[in-house]
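Read the structure below first, then the notes.
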Amino acid sequence: MSSPSKRRDMDVMKLMMSDYTVETINDGITEFNVEFHGPKESLYVGGVWKIRVELPDPYLYKSLSIGFLNKIFHPNVDELSLKCIRASLMMKDKNQYEQKVKEYCERYTKKENVVGTPKDDSDDEISEEEFSGQSDSDDEVVGHADP
């Protein structure tokens, strides 16, 4: 079995040789940004996302950290406990969910809107009431990947 550092190096090299755009931070391989595109034939087509990846020293024995640098509307990407709200919206009103995904793609995922550092959009959170239709607010949620 190879050592964790060799495995980390191999995994990062495979990622860099893939079709993704990978930008190392501080010329190391423990922190980097990865740019990827929404899958064809999905609601996310045409979108471009950038995530920041941080690999811990004991990689393989400790989880890596992943955070979106731009917004995404997806039930598996959440801000605190809002994951359940989005999943609920997807199940209760698929048309509204699909419209929200398309809106996020249009507003936040065009290549020119992808930034290199996370924005503090703490004012952009939406409440459960806003998702359930009890509010007319047009605020959005900043997405972060689940560990």
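Identifiers for the structure tokens are assigned positionally: chains receive A, B, ... in sequence, residues are indexed from 1 per chain, and ligands are indexed from 1 in the order shown.
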Within 7 Å of stretch 54-74 of chain A, which residues of stretch 5-40 of chain A come that close, and what is the closest atom pair and distance in Å for each? Count only C-alpha atoms and give it as a tab-separated table.
```
residue	atom	partner	partner_atom	distance
A:Arg8	CA	A:Tyr59	CA	6.6
A:Thr30	CA	A:Leu55	CA	4.8
A:Glu31	CA	A:Glu54	CA	4.5
A:Phe32	CA	A:Glu54	CA	6.7
```
Expected file: the selected residues, all heavy atoms, as a compact mmCIF listing (two decimals), in the first residue's frame:
```txt
# COMPACT_ATOMS: atom_id res chain seq x y z
N ARG A 8 -2.06 11.12 -2.21
CA ARG A 8 -2.53 12.49 -2.42
C ARG A 8 -1.91 13.04 -3.70
O ARG A 8 -2.61 13.59 -4.55
CB ARG A 8 -2.17 13.38 -1.23
CG ARG A 8 -2.60 14.83 -1.41
CD ARG A 8 -2.01 15.76 -0.40
NE ARG A 8 -0.56 15.72 -0.49
CZ ARG A 8 0.26 15.75 0.56
NH1 ARG A 8 -0.20 15.81 1.77
NH2 ARG A 8 1.56 15.71 0.38
N THR A 30 -1.78 21.04 -1.91
CA THR A 30 -2.76 20.83 -0.84
C THR A 30 -3.92 21.80 -0.93
O THR A 30 -4.96 21.57 -0.31
CB THR A 30 -2.10 20.92 0.55
OG1 THR A 30 -1.53 22.21 0.69
CG2 THR A 30 -1.06 19.84 0.73
N GLU A 31 -3.79 22.87 -1.68
CA GLU A 31 -4.88 23.83 -1.89
C GLU A 31 -4.94 24.18 -3.37
O GLU A 31 -3.93 24.54 -3.97
CB GLU A 31 -4.64 25.11 -1.10
CG GLU A 31 -4.69 24.95 0.39
CD GLU A 31 -4.47 26.27 1.09
OE1 GLU A 31 -5.32 27.17 0.93
OE2 GLU A 31 -3.44 26.41 1.75
N PHE A 32 -6.13 24.08 -3.94
CA PHE A 32 -6.28 24.42 -5.35
C PHE A 32 -7.74 24.68 -5.66
O PHE A 32 -8.63 24.31 -4.89
CB PHE A 32 -5.73 23.30 -6.25
CG PHE A 32 -6.19 21.92 -5.89
CD1 PHE A 32 -7.33 21.39 -6.44
CD2 PHE A 32 -5.45 21.14 -5.00
CE1 PHE A 32 -7.75 20.11 -6.12
CE2 PHE A 32 -5.85 19.87 -4.67
CZ PHE A 32 -7.01 19.34 -5.22
```
For stretch 106-109 of chain A: contacts at 6 Å, only C-alpha atoms, fewer than 2 positions along chain excluded, given as an MDAnalysis selection string
chainID A and resid 47:49 71 103:104
Prev. selection, C-alpha atoms, output as a JSON list (two decimals), in the first residue's frame:
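Below you can see selection-v3.json, which holds the result:
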```json
[["chain", "number", "residue", "atom", "x", "y", "z"],
["A", 47, "GLY", "CA", -23.11, 26.77, -15.96],
["A", 48, "VAL", "CA", -19.50, 27.08, -14.83],
["A", 49, "TRP", "CA", -18.58, 26.50, -11.20],
["A", 71, "LYS", "CA", -23.43, 29.99, -5.97],
["A", 103, "GLU", "CA", -32.02, 31.34, -12.41],
["A", 104, "TYR", "CA", -28.88, 30.46, -10.43]]
```
Write out as an MDAnalysis selection string the residues lying within 9 Å of stretch 12-17 of chain A, counting only C-alpha atoms and excluding same-chain residues fewer than 6 positions away.
chainID A and resid 23 29:30 34
Point-to-point distance from atom CA of A:Lys40 to atom CA of A:Thr21, Å rounded to tenths
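Separation between atom CA of A:Lys40 and atom CA of A:Thr21: 17.6 Å.
As for atom CA of A:Ser3 and atom CA of A:Thr24, they are spaced 21.9 Å apart.
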